[in-house]
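Text of coords-v9.cif, listed as mmCIF, C-alpha atoms:
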```cif
data_model
#
loop_
_atom_site.label_atom_id
_atom_site.label_comp_id
_atom_site.auth_asym_id
_atom_site.auth_seq_id
_atom_site.Cartn_x
_atom_site.Cartn_y
_atom_site.Cartn_z
CA MET G 1 1.90 -17.57 16.57
CA LYS G 2 2.91 -17.67 12.89
CA PHE G 3 5.15 -14.87 11.66
CA GLY G 4 5.90 -13.80 8.12
CA VAL G 5 8.97 -11.63 7.57
CA LEU G 6 9.73 -9.39 4.59
CA VAL G 7 13.32 -8.23 3.98
CA ASN G 8 13.57 -5.24 1.65
CA GLU G 9 17.30 -4.59 1.70
CA GLY G 10 20.48 -6.42 0.83
CA PRO G 11 23.13 -7.47 3.32
CA PHE G 12 25.54 -4.99 4.92
CA THR G 13 24.51 -1.70 3.29
CA HIS G 14 21.46 -1.49 5.55
CA GLN G 15 20.82 -3.06 8.95
CA SER G 16 17.48 -4.44 7.74
CA SER G 17 18.67 -7.96 7.05
CA ASP G 18 20.42 -8.14 10.43
CA SER G 19 17.33 -6.86 12.24
CA ALA G 20 15.15 -9.34 10.38
CA TYR G 21 17.53 -12.17 11.23
CA GLN G 22 17.66 -11.23 14.94
CA PHE G 23 13.87 -10.94 15.07
CA THR G 24 13.40 -14.27 13.32
CA LYS G 25 15.86 -15.99 15.68
CA ALA G 26 14.14 -14.48 18.73
CA ALA G 27 10.73 -15.59 17.48
CA LEU G 28 11.99 -19.16 16.97
CA GLU G 29 13.58 -19.15 20.45
CA LYS G 30 10.21 -18.20 21.89
CA GLY G 31 8.62 -21.18 20.18
CA HIS G 32 6.83 -19.27 17.43
CA GLU G 33 6.57 -20.52 13.88
CA ILE G 34 8.16 -18.62 11.01
CA PHE G 35 5.78 -19.14 8.09
CA ARG G 36 8.17 -17.65 5.56
CA VAL G 37 10.93 -15.06 5.14
CA PHE G 38 10.48 -13.28 1.81
CA PHE G 39 13.22 -11.25 0.16
CA TYR G 40 12.19 -8.41 -2.16
CA TYR G 41 13.84 -5.32 -3.69
CA ASP G 42 17.58 -5.50 -2.92
CA GLY G 43 16.73 -8.06 -0.25
CA VAL G 44 17.29 -10.74 -2.90
CA ASN G 45 21.02 -10.10 -2.55
CA ASN G 46 20.97 -11.86 0.82
CA ALA G 47 20.77 -15.10 -1.18
CA ASN G 48 24.00 -14.65 -3.16
CA LYS G 49 26.35 -17.54 -2.35
CA LEU G 50 29.30 -15.78 -3.99
CA ALA G 51 29.51 -13.14 -1.27
CA GLU G 52 32.68 -13.29 0.86
CA PRO G 53 32.43 -10.90 3.77
CA PRO G 54 35.47 -10.55 6.05
CA THR G 55 35.79 -13.54 8.38
CA ASP G 56 35.88 -11.40 11.54
CA ASP G 57 32.30 -10.23 10.93
CA ARG G 58 28.98 -12.02 10.61
CA ASN G 59 28.14 -13.77 7.34
CA LEU G 60 24.49 -12.86 6.80
CA MET G 61 24.00 -15.23 3.91
CA GLU G 62 25.24 -18.15 6.01
CA ASN G 63 23.16 -17.01 8.97
CA TRP G 64 20.02 -17.20 6.88
CA SER G 65 21.05 -20.53 5.33
CA LYS G 66 21.56 -21.96 8.84
CA LEU G 67 18.07 -20.92 9.89
CA ALA G 68 16.73 -22.84 6.91
CA GLU G 69 18.86 -25.86 7.69
CA GLU G 70 18.36 -25.98 11.48
CA HIS G 71 14.78 -24.74 11.76
CA GLY G 72 13.30 -25.44 8.34
CA VAL G 73 12.64 -21.74 7.76
CA ASP G 74 11.28 -21.13 4.24
CA LEU G 75 13.50 -18.49 2.61
CA VAL G 76 11.96 -17.19 -0.60
CA VAL G 77 13.55 -14.78 -3.07
CA CYS G 78 11.28 -12.90 -5.47
CA VAL G 79 11.91 -14.02 -9.06
CA ALA G 80 11.22 -10.62 -10.63
CA ALA G 81 13.47 -8.72 -8.21
CA ALA G 82 16.14 -11.42 -8.55
CA LEU G 83 16.15 -11.27 -12.36
CA ARG G 84 16.47 -7.52 -12.25
CA ARG G 85 19.54 -7.85 -10.02
CA GLY G 86 21.22 -10.83 -11.70
CA LEU G 87 20.52 -13.36 -8.98
CA ASN G 88 19.64 -16.81 -10.30
CA ASP G 89 19.68 -20.48 -9.28
CA ASP G 90 23.36 -20.81 -10.24
CA ILE G 91 24.44 -18.48 -7.46
CA LEU G 92 21.66 -19.10 -4.94
CA ALA G 93 22.87 -19.83 -1.42
CA ALA G 94 21.75 -23.01 0.36
CA GLY G 95 18.29 -22.95 1.89
CA PHE G 96 16.89 -20.24 -0.39
CA ARG G 97 14.43 -20.78 -3.23
CA ILE G 98 13.28 -18.43 -5.97
CA SER G 99 9.55 -17.95 -6.44
CA GLY G 100 6.87 -15.36 -7.19
CA LEU G 101 5.48 -12.39 -5.27
CA GLY G 102 2.43 -14.52 -4.60
CA GLN G 103 4.47 -16.24 -1.90
CA LEU G 104 4.68 -12.91 -0.03
CA ILE G 105 0.96 -12.31 -0.34
CA GLU G 106 0.31 -15.86 0.85
CA ALA G 107 2.50 -15.11 3.89
CA GLY G 108 0.44 -12.01 4.57
CA ILE G 109 -2.75 -14.05 4.40
CA GLN G 110 -1.65 -17.19 6.25
CA ALA G 111 0.66 -15.76 8.92
CA ASP G 112 -0.73 -14.05 12.01
CA ARG G 113 1.73 -11.17 11.68
CA LEU G 114 3.82 -9.87 8.77
CA VAL G 115 6.86 -7.88 9.91
CA ILE G 116 8.76 -5.74 7.43
CA PHE G 117 12.41 -4.73 7.61
CA GLY G 118 13.64 -2.15 5.15
CA ASP G 119 15.21 1.22 4.69
CA MET A 1 -7.23 -3.36 17.26
CA SER A 2 -3.95 -1.57 17.93
CA LYS A 3 -0.78 -1.58 15.93
CA LEU A 4 2.88 -1.91 16.72
CA HIS A 5 4.62 0.85 14.77
CA THR A 6 8.37 0.65 14.18
CA VAL A 7 10.68 3.53 13.27
CA ASN A 8 14.16 2.60 12.06
CA LYS A 9 15.68 5.96 11.13
CA SER A 10 17.02 8.83 13.19
CA PRO A 11 14.54 11.72 13.59
CA PHE A 12 17.27 13.99 12.22
CA GLU A 13 17.71 11.96 9.03
CA ARG A 14 14.17 11.12 7.95
CA ASN A 15 10.61 12.17 8.59
CA SER A 16 9.46 8.67 9.53
CA PHE A 17 9.64 9.57 13.26
CA ASP A 18 7.44 12.60 12.58
CA SER A 19 4.96 10.82 10.30
CA CYS A 20 4.69 7.85 12.61
CA LEU A 21 3.90 9.94 15.68
CA LYS A 22 1.42 12.02 13.71
CA HIS A 23 -0.47 8.97 12.46
CA ALA A 24 -0.14 6.34 15.18
CA GLU A 25 -3.56 5.86 16.72
CA ASP A 26 -4.13 6.32 20.47
CA GLY A 27 -3.32 3.20 22.43
CA SER A 28 -0.89 1.81 19.85
CA ALA A 29 2.79 1.11 20.46
CA VAL A 30 5.86 2.65 18.83
CA LEU A 31 9.21 0.84 18.87
CA PHE A 32 12.45 2.57 17.86
CA ILE A 33 14.92 0.20 16.21
CA GLU A 34 18.19 0.55 14.28
CA ASP A 35 19.04 4.25 13.83
CA GLY A 36 15.57 5.07 15.10
CA VAL A 37 16.84 4.54 18.65
CA TYR A 38 18.49 7.97 18.57
CA ALA A 39 15.03 9.45 19.10
CA ALA A 40 14.96 7.95 22.59
CA VAL A 41 18.14 9.73 23.68
CA ALA A 42 17.92 12.97 21.70
CA GLY A 43 16.65 15.52 24.18
CA GLY A 44 15.24 18.85 23.00
CA ASP A 45 12.28 18.92 20.64
CA VAL A 46 12.44 15.20 19.97
CA ALA A 47 12.17 14.39 23.67
CA ALA A 48 9.27 16.84 23.95
CA ARG A 49 7.49 15.07 21.07
CA ILE A 50 8.02 11.72 22.74
CA SER A 51 6.84 13.02 26.08
CA GLU A 52 3.65 14.25 24.46
CA ALA A 53 3.23 10.98 22.54
CA ALA A 54 3.80 8.87 25.68
CA GLY A 55 0.56 10.26 27.03
CA ARG A 56 -1.42 8.39 24.40
CA LEU A 57 0.98 5.77 22.98
CA LYS A 58 3.26 3.16 24.52
CA VAL A 59 6.82 3.97 23.46
CA TYR A 60 9.69 1.47 23.38
CA VAL A 61 13.30 1.37 22.26
CA LEU A 62 15.32 -1.69 21.22
CA GLY A 63 18.09 -2.07 23.81
CA PRO A 64 20.65 -3.92 21.64
CA ASP A 65 20.48 -1.15 19.01
CA LEU A 66 21.05 1.50 21.72
CA ALA A 67 24.02 -0.36 23.18
CA ALA A 68 25.53 -0.84 19.73
CA ARG A 69 25.49 2.93 19.31
CA GLY A 70 27.18 3.60 22.65
CA MET A 71 24.04 4.91 24.33
CA THR A 72 23.46 3.81 27.92
CA GLU A 73 19.94 3.42 29.23
CA ASP A 74 20.29 6.32 31.70
CA ARG A 75 20.19 8.66 28.69
CA ILE A 76 16.74 7.47 27.61
CA CYS A 77 14.06 10.14 27.91
CA ASP A 78 11.01 9.74 30.12
CA GLY A 79 8.18 7.66 28.81
CA VAL A 80 10.30 5.15 26.87
CA SER A 81 10.73 1.51 27.94
CA VAL A 82 13.59 -0.71 26.79
CA VAL A 83 13.00 -4.10 25.18
CA ASP A 84 15.26 -6.69 23.59
CA TYR A 85 14.51 -8.74 20.44
CA GLY A 86 12.41 -11.12 22.52
CA GLY A 87 10.42 -8.12 23.68
CA PHE A 88 10.09 -6.98 20.07
CA VAL A 89 8.57 -10.36 19.24
CA ASP A 90 6.24 -10.08 22.24
CA LEU A 91 5.11 -6.63 21.11
CA ALA A 92 4.43 -7.91 17.59
CA GLU A 93 2.36 -10.71 19.09
CA ALA A 94 0.45 -8.43 21.45
CA HIS A 95 -0.69 -6.01 18.73
CA ASP A 96 -2.89 -6.92 15.80
CA ALA A 97 -0.37 -5.96 13.09
CA VAL A 98 3.02 -4.33 12.64
CA HIS A 99 3.38 -1.08 10.67
CA SER A 100 7.02 -0.41 9.78
CA TRP A 101 7.64 3.26 8.94
CA LEU A 102 10.41 3.01 6.33
CA MET R 1 0.59 -2.71 -21.66
CA SER R 2 2.65 -5.85 -22.34
CA ASP R 3 4.71 -5.26 -19.20
CA LEU R 4 1.81 -5.83 -16.83
CA PRO R 5 2.02 -9.06 -14.83
CA GLU R 6 -0.19 -11.92 -15.96
CA ILE R 7 -3.04 -12.57 -13.61
CA PRO R 8 -2.77 -16.22 -12.58
CA PRO R 9 -5.95 -18.36 -12.58
CA ASP R 10 -8.21 -17.72 -9.61
CA ASP R 11 -8.34 -21.23 -8.15
CA ASP R 12 -4.64 -21.18 -7.31
CA GLU R 13 -5.10 -18.27 -4.95
CA ASP R 14 -8.25 -19.21 -3.08
CA PHE R 15 -7.27 -19.25 0.56
CA GLY R 16 -10.77 -18.47 1.75
CA THR R 17 -9.48 -15.76 4.06
CA VAL R 18 -9.93 -12.14 3.05
CA LYS R 19 -7.73 -9.69 4.91
CA LYS R 20 -7.48 -5.93 4.73
CA PHE R 21 -4.15 -5.29 3.01
CA CYS R 22 -2.78 -1.77 2.94
CA TYR R 23 0.17 -0.71 0.81
CA VAL R 24 1.64 2.50 2.18
CA ASN R 25 3.78 4.55 -0.20
CA ARG R 26 5.92 7.31 1.32
CA LYS R 27 8.75 7.62 -1.17
CA ALA R 28 9.11 9.62 -4.38
CA PRO R 29 9.53 7.84 -7.72
CA TYR R 30 12.82 7.43 -9.61
CA GLY R 31 15.20 8.47 -6.83
CA THR R 32 14.78 4.94 -5.51
CA VAL R 33 13.14 1.79 -6.90
CA TYR R 34 10.51 1.41 -4.19
CA ALA R 35 7.67 3.13 -6.07
CA LEU R 36 8.09 0.89 -9.12
CA GLU R 37 8.55 -2.42 -7.35
CA SER R 38 5.81 -1.79 -4.81
CA LEU R 39 3.40 -1.01 -7.68
CA GLU R 40 4.38 -4.34 -9.29
CA MET R 41 3.65 -5.99 -5.94
CA VAL R 42 0.18 -4.42 -5.73
CA LEU R 43 -0.66 -5.64 -9.25
CA ILE R 44 0.43 -9.22 -8.52
CA ALA R 45 -1.37 -9.11 -5.18
CA ALA R 46 -4.60 -8.13 -6.95
CA ALA R 47 -5.06 -11.75 -8.04
CA PHE R 48 -5.48 -12.83 -4.44
CA ASP R 49 -8.87 -11.14 -3.96
CA GLN R 50 -7.95 -9.45 -0.71
CA ASP R 51 -9.44 -6.17 0.52
CA VAL R 52 -6.74 -3.82 -0.79
CA SER R 53 -6.14 -0.15 -0.04
CA VAL R 54 -3.23 1.88 -1.37
CA VAL R 55 -2.09 4.96 0.53
CA PHE R 56 0.09 7.74 -0.87
CA MET R 57 1.54 9.95 1.83
CA ASP R 58 4.64 12.09 2.45
CA ASP R 59 6.74 11.98 -0.74
CA GLY R 60 4.67 9.02 -1.93
CA VAL R 61 2.13 11.50 -3.33
CA TYR R 62 4.66 12.34 -6.04
CA GLN R 63 4.33 8.80 -7.45
CA ILE R 64 0.97 9.64 -9.02
CA LYS R 65 1.86 13.06 -10.38
CA LYS R 66 0.79 13.61 -14.01
CA ASP R 67 3.13 14.48 -16.88
CA GLN R 68 6.14 12.41 -15.89
CA GLU R 69 8.65 12.39 -18.78
CA THR R 70 11.68 10.25 -18.17
CA ASP R 71 13.56 10.25 -21.49
CA GLY R 72 16.08 12.71 -20.13
CA ILE R 73 17.08 10.44 -17.25
CA GLY R 74 17.01 7.22 -19.28
CA MET R 75 14.60 5.45 -16.95
CA LYS R 76 11.30 3.76 -17.74
CA ASN R 77 8.23 5.91 -17.17
CA PHE R 78 5.98 3.58 -15.23
CA SER R 79 3.50 6.21 -14.02
CA LYS R 80 0.75 5.18 -16.46
CA THR R 81 0.69 1.79 -14.78
CA TYR R 82 -1.11 3.38 -11.82
CA ARG R 83 -4.10 3.68 -14.17
CA ALA R 84 -4.14 -0.10 -14.54
CA LEU R 85 -4.94 -0.52 -10.85
CA GLU R 86 -8.64 0.01 -11.49
CA GLY R 87 -8.62 -2.76 -14.11
CA TYR R 88 -7.16 -5.05 -11.46
CA ASP R 89 -9.99 -4.11 -9.07
CA VAL R 90 -7.66 -2.06 -6.86
CA GLU R 91 -9.85 0.99 -6.48
CA LYS R 92 -9.28 2.19 -2.93
CA LEU R 93 -6.56 4.78 -3.45
CA TYR R 94 -6.00 7.37 -0.74
CA VAL R 95 -3.88 10.48 -0.54
CA SER R 96 -2.85 12.33 2.62
CA LYS R 97 -4.35 15.82 2.53
CA GLU R 98 -1.48 17.34 4.52
CA SER R 99 1.19 15.65 2.35
CA MET R 100 -0.52 16.87 -0.81
CA GLU R 101 -0.94 20.44 0.41
CA GLU R 102 2.52 20.90 1.86
CA ARG R 103 3.88 19.87 -1.56
CA ASN R 104 1.67 22.38 -3.33
CA LEU R 105 -0.34 19.69 -5.13
CA THR R 106 -4.05 19.28 -5.77
CA THR R 107 -6.06 16.30 -7.03
CA ASP R 108 -5.85 17.90 -10.50
CA ASP R 109 -2.15 17.00 -10.45
CA PHE R 110 -2.82 13.27 -10.10
CA LEU R 111 -3.03 10.59 -12.82
CA VAL R 112 -5.68 8.62 -10.98
CA ASP R 113 -8.79 9.28 -8.96
CA VAL R 114 -8.02 9.29 -5.27
CA GLU R 115 -9.85 9.93 -2.05
CA VAL R 116 -8.15 12.64 -0.03
CA LEU R 117 -8.01 11.95 3.71
CA ASP R 118 -6.91 14.28 6.48
CA ARG R 119 -4.58 13.06 9.19
CA ASP R 120 -7.26 11.73 11.52
CA ALA R 121 -9.12 9.91 8.76
CA LEU R 122 -5.91 8.42 7.34
CA SER R 123 -4.80 7.37 10.78
CA ALA R 124 -8.14 5.64 11.34
CA LEU R 125 -7.98 3.93 7.94
CA MET R 126 -4.49 2.55 8.56
CA ALA R 127 -5.44 1.48 12.08
CA GLU R 128 -8.10 -0.88 10.76
CA GLN R 129 -5.80 -2.67 8.31
CA GLU R 130 -4.73 -6.24 9.04
CA VAL R 131 -1.58 -6.37 6.90
CA VAL R 132 0.43 -3.19 6.31
CA ILE R 133 3.06 -3.44 3.59
CA THR R 134 5.54 -0.60 3.44
CA SER R 135 8.54 0.11 1.32
#
```
Represent the structure contained in this file as structure tokens.
Amino acid sequence: MKFGVLVNEGPFTHQSSDSAYQFTKAALEKGHEIFRVFFYYDGVNNANKLAEPPTDDRNLMENWSKLAEEHGVDLVVCVAAALRRGLNDDILAAGFRISGLGQLIEAGIQADRLVIFGD
Amino acid sequence: MSKLHTVNKSPFERNSFDSCLKHAEDGSAVLFIEDGVYAAVAGGDVAARISEAAGRLKVYVLGPDLAARGMTEDRICDGVSVVDYGGFVDLAEAHDAVHSWL
Amino acid sequence: MSDLPEIPPDDDEDFGTVKKFCYVNRKAPYGTVYALESLEMVLIAAAFDQDVSVVFMDDGVYQIKKDQETDGIGMKNFSKTYRALEGYDVEKLYVSKESMEERNLTTDDFLVDVEVLDRDALSALMAEQEVVITS
């Protein structure tokens, strides 16, 4: 089955990004395909490579980057939401790309299930 | 067609628990995740609502979120089954779409 | 309005598949950004020729309240943009009857024409959707 995932919140303040990450990992472990993970609203902040969380806790940005690197997961950050929040290509973490909301709609159309994590 | 509904906030914080139960169609599934898991261990009116809902919906709670919050499974009210993230994925697959009550 | 997203050319978005997309709005405007950014999403999504419904329930009914004046809070008044939905062929707008009534609102209070659905009808409508996008 093909899953699309939408992440509405940034890292740490809400559990959404963690839940989305755990769901995505579990889906991959079960042999499903992740069509795309789309980051909207404050979710774009998951792609900020400048973040330095304490080393004794998980690094969400790196977790997502690793999924892209190890499983080819397509991580897309909404350009409009990113601009609003000052996230651009200069500070984009590895494995993420910036694109339009159309990529989310495409995920809704092409994936079998779209799962949303937010506040 | 039946949906998987998710509720991620405590029934004492938000009305998503209430709205979800009021609108989830018969035969659909409801999964409590994140702070939503407190509904499964609340007792009182919340447990009564779940008990009533369990007659027409399938109700689940995400085990890892319960454990994180120090809640053991013996505190879960009747009618609620525990799943892990793999089970969450299975539920999403088994239903025709996921409706996240945010 | 110059702020409205440009509608991209049709042939870029022809996937052949038409799904029932439902955008469910449950949050009030201005206190959080969800109302604004989900409206922007609906407008962009309009170019994809899907079968779109927009639901306003719980505090989401406040999003379409008339007479919003935001000068005093220094935020952009985006409420008129709901009127653009029709021009983008997004015409299926629904309001929860119970949410409206418990907030002492009537359809006269709304900026746009909506169909009012009671709980059972709204439940049935949402049950038949294939993609439910919430914020």
Discussion item. One number please: atom CA of A:Ala54 to atom CA of R:Asp59, in Å, one decimal.
Written reply: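 A separation of 26.8 Å between them.
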Worksheet item: If we count all atoms listed in the file, which residues of chain R reach to within 7 Å of chain G? Please list them as a VMD selection string.
Response: chain R and resid 17 19 41 44 to 45 131 135
Fill in: Neighbour list for R:Asp109 as a PyMOL selection string, cut-off 7 Å, all atoms listed in the file, skip fewer than 4 positions in-chain
chain R and resi 65-66+105
Can you check which parts of chain R lie within 12 Å of chain A? Per residue, the shortest pair of atoms and distance in Å to one decimal, counting only C-alpha atoms, sorted by chain and number, as CSV.
```
residue,atom,partner,partner_atom,distance
R:Lys19,CA,A:Ala97,CA,11.6
R:Lys20,CA,A:Ala97,CA,11.0
R:Phe21,CA,A:Ala97,CA,10.8
R:Cys22,CA,A:His99,CA,9.9
R:Tyr23,CA,A:His99,CA,10.4
R:Val24,CA,A:Trp101,CA,9.1
R:Asn25,CA,A:Leu102,CA,9.4
R:Arg26,CA,A:Leu102,CA,8.0
R:Lys27,CA,A:Leu102,CA,9.0
R:Tyr34,CA,A:Leu102,CA,10.6
R:Met57,CA,A:Ser19,CA,9.2
R:Asp58,CA,A:Ser19,CA,8.0
R:Asp59,CA,A:Asn15,CA,10.1
R:Gly60,CA,A:Leu102,CA,11.7
R:Ser96,CA,A:His23,CA,10.7
R:Glu98,CA,A:Ser19,CA,10.8
R:Ser99,CA,A:Ser19,CA,10.0
R:Leu117,CA,A:His23,CA,11.9
R:Asp118,CA,A:His23,CA,10.3
R:Arg119,CA,A:His23,CA,6.7
R:Asp120,CA,A:His23,CA,7.4
R:Ala121,CA,A:His23,CA,9.5
R:Leu122,CA,A:His23,CA,7.5
R:Ser123,CA,A:His23,CA,4.9
R:Ala124,CA,A:Glu25,CA,7.1
R:Leu125,CA,A:Glu25,CA,10.0
R:Met126,CA,A:His23,CA,8.5
R:Ala127,CA,A:Glu25,CA,6.7
R:Glu128,CA,A:Met1,CA,7.0
R:Gln129,CA,A:Ala97,CA,7.9
R:Glu130,CA,A:Ala97,CA,6.0
R:Val131,CA,A:Ala97,CA,6.3
R:Val132,CA,A:His99,CA,5.7
R:Ile133,CA,A:His99,CA,7.5
R:Thr134,CA,A:Ser100,CA,6.5
R:Ser135,CA,A:Leu102,CA,6.1
```
Discussion item. When you look at stretch 57-60 of chain A with a cut-off of 6 Å (counting all atoms listed in the file), what residues show up, excluding the ones that are within fewer than 2 positions of it in the same chain? I need them as a PyMOL selection string.
Written reply: chain A and resi 26-31+53-54+80-82
I'd like a table as a tab-separated table: residues in chain A with an atom no more than 10 Å from chain G, each row giving the shortest atom pair and its distance in Å to one decimal, only C-alpha atoms counted, sorted by chain and rising residue number.
```
residue	atom	partner	partner_atom	distance
A:Leu4	CA	G:Val115	CA	9.9
A:Thr6	CA	G:Ile116	CA	9.3
A:Val7	CA	G:Asp119	CA	10.0
A:Asn8	CA	G:Asp119	CA	7.6
A:Lys9	CA	G:Asp119	CA	8.0
A:Ile33	CA	G:Ser19	CA	8.5
A:Glu34	CA	G:Gln15	CA	7.0
A:Asp35	CA	G:Gln15	CA	9.0
A:Asp65	CA	G:Ser19	CA	9.4
A:Asp84	CA	G:Ala26	CA	9.2
A:Tyr85	CA	G:Phe23	CA	5.8
A:Gly86	CA	G:Ala26	CA	5.4
A:Gly87	CA	G:Ala26	CA	8.9
A:Phe88	CA	G:Phe23	CA	7.4
A:Val89	CA	G:Ala27	CA	5.9
A:Asp90	CA	G:Ala27	CA	8.6
A:Ala92	CA	G:Arg113	CA	7.3
A:Glu93	CA	G:Met1	CA	7.3
A:His95	CA	G:Arg113	CA	9.1
A:Asp96	CA	G:Arg113	CA	7.5
A:Ala97	CA	G:Arg113	CA	5.8
A:Val98	CA	G:Val115	CA	5.9
A:His99	CA	G:Val115	CA	7.7
A:Ser100	CA	G:Ile116	CA	6.1
A:Trp101	CA	G:Asp119	CA	8.9
A:Leu102	CA	G:Asp119	CA	5.4
```
Please save C-alpha atoms of the selected residues as an mmCIF file, keeping the file's coordinate frame.
```cif
data_model
loop_
_atom_site.group_PDB
_atom_site.id
_atom_site.type_symbol
_atom_site.label_atom_id
_atom_site.label_comp_id
_atom_site.auth_asym_id
_atom_site.auth_seq_id
_atom_site.Cartn_x
_atom_site.Cartn_y
_atom_site.Cartn_z
ATOM 1 C CA LEU A 4 2.880 -1.910 16.720
ATOM 2 C CA THR A 6 8.370 0.650 14.180
ATOM 3 C CA VAL A 7 10.680 3.530 13.270
ATOM 4 C CA ASN A 8 14.160 2.600 12.060
ATOM 5 C CA LYS A 9 15.680 5.960 11.130
ATOM 6 C CA ILE A 33 14.920 0.200 16.210
ATOM 7 C CA GLU A 34 18.190 0.550 14.280
ATOM 8 C CA ASP A 35 19.040 4.250 13.830
ATOM 9 C CA ASP A 65 20.480 -1.150 19.010
ATOM 10 C CA ASP A 84 15.260 -6.690 23.590
ATOM 11 C CA TYR A 85 14.510 -8.740 20.440
ATOM 12 C CA GLY A 86 12.410 -11.120 22.520
ATOM 13 C CA GLY A 87 10.420 -8.120 23.680
ATOM 14 C CA PHE A 88 10.090 -6.980 20.070
ATOM 15 C CA VAL A 89 8.570 -10.360 19.240
ATOM 16 C CA ASP A 90 6.240 -10.080 22.240
ATOM 17 C CA ALA A 92 4.430 -7.910 17.590
ATOM 18 C CA GLU A 93 2.360 -10.710 19.090
ATOM 19 C CA HIS A 95 -0.690 -6.010 18.730
ATOM 20 C CA ASP A 96 -2.890 -6.920 15.800
ATOM 21 C CA ALA A 97 -0.370 -5.960 13.090
ATOM 22 C CA VAL A 98 3.020 -4.330 12.640
ATOM 23 C CA HIS A 99 3.380 -1.080 10.670
ATOM 24 C CA SER A 100 7.020 -0.410 9.780
ATOM 25 C CA TRP A 101 7.640 3.260 8.940
ATOM 26 C CA LEU A 102 10.410 3.010 6.330
#
```
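Across the structure, atom CA of R:Val116 and atom CA of R:Val18 are spaced 25.0 Å apart.
The space between atom CA of A:Ala40 and atom CA of A:Ala94 spans 21.9 Å.
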Worksheet entry | Neighbour list for R:Leu111 as a list in words, cut-off 9 Å, only C-alpha atoms, skip fewer than 2 positions in-chain |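 Close residues of R:Leu111: Ile64, Lys65, Lys66, Asp67, Ser79, Lys80, Tyr82, Arg83, Thr107, Asp108, Asp109 and Asp113 of chain R.
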Worksheet item: Restricting the calculation to only C-alpha atoms, which member of G:Ala107, G:Leu87, G:Tyr21, G:Phe39 is positioned closest to G:Asn59?
Response: G:Tyr21
Worksheet item: Of the candidates R:Glu115, R:Asp51, R:Val95, R:Pro29, which one gets nearest to R:Thr70 if we count all atoms listed in the file?
Response: R:Pro29
Item to complete: Using the chain letters and numbering of this document, enumerate as a VMD selection string the residues selected by the PyMOL selection byres ((chain A and resi 39) around 9).
Response: chain A and resid 9 to 12 17 32 35 to 38 40 to 43 46 to 47 50 61 76 to 77
Worksheet entry | Residues returned when the PyMOL selection byres ((chain G and resi 63) around 12) runs on this file, as a ChimeraX atom specification | /G:11,17-18,20-22,24-25,46-47,49,57-62,64-71,73,75,93-96
Fill in: Residues near R:Lys76, cut-off 10 Å, all atoms listed in the file, skip fewer than 6 positions along chain, as a PyMOL selection string
chain R and resi 30+36+69-70
Item to complete: Give as a PyMOL selection string every residue, naming chains and numbers as the document does, that has an atom within 12 Å of (-9.1, -9.1, -5.5), counting all atoms listed in the file.
Response: (chain G and resi 105) or (chain R and resi 7-8+10+13-21+42-53+85-92)
Atom completion result for stretch 84-95 of chain A (N, CA and C atoms) as a tab-separated table (two decimals), in the frame of the given file:
```
chain	number	residue	atom	x	y	z
A	84	ASP	N	14.28	-6.01	24.45
A	84	ASP	CA	15.26	-6.69	23.59
A	84	ASP	C	14.49	-7.33	22.42
A	85	TYR	N	15.18	-8.15	21.61
A	85	TYR	CA	14.51	-8.74	20.44
A	85	TYR	C	13.35	-9.65	20.87
A	86	GLY	N	13.52	-10.31	22.00
A	86	GLY	CA	12.41	-11.12	22.52
A	86	GLY	C	11.21	-10.24	22.83
A	87	GLY	N	11.49	-9.07	23.40
A	87	GLY	CA	10.42	-8.12	23.68
A	87	GLY	C	9.79	-7.60	22.41
A	88	PHE	N	10.59	-7.41	21.38
A	88	PHE	CA	10.09	-6.98	20.07
A	88	PHE	C	9.09	-8.02	19.56
A	89	VAL	N	9.47	-9.28	19.67
A	89	VAL	CA	8.57	-10.36	19.24
A	89	VAL	C	7.28	-10.33	20.06
A	90	ASP	N	7.42	-10.14	21.38
A	90	ASP	CA	6.24	-10.08	22.24
A	90	ASP	C	5.32	-8.93	21.84
A	91	LEU	N	5.91	-7.79	21.52
A	91	LEU	CA	5.11	-6.63	21.11
A	91	LEU	C	4.37	-6.93	19.80
A	92	ALA	N	5.06	-7.57	18.87
A	92	ALA	CA	4.43	-7.91	17.59
A	92	ALA	C	3.25	-8.86	17.83
A	93	GLU	N	3.44	-9.76	18.78
A	93	GLU	CA	2.36	-10.71	19.09
A	93	GLU	C	1.18	-10.01	19.74
A	94	ALA	N	1.49	-9.07	20.64
A	94	ALA	CA	0.45	-8.43	21.45
A	94	ALA	C	-0.41	-7.45	20.65
A	95	HIS	N	0.08	-6.95	19.54
A	95	HIS	CA	-0.69	-6.01	18.73
A	95	HIS	C	-1.21	-6.72	17.49
```
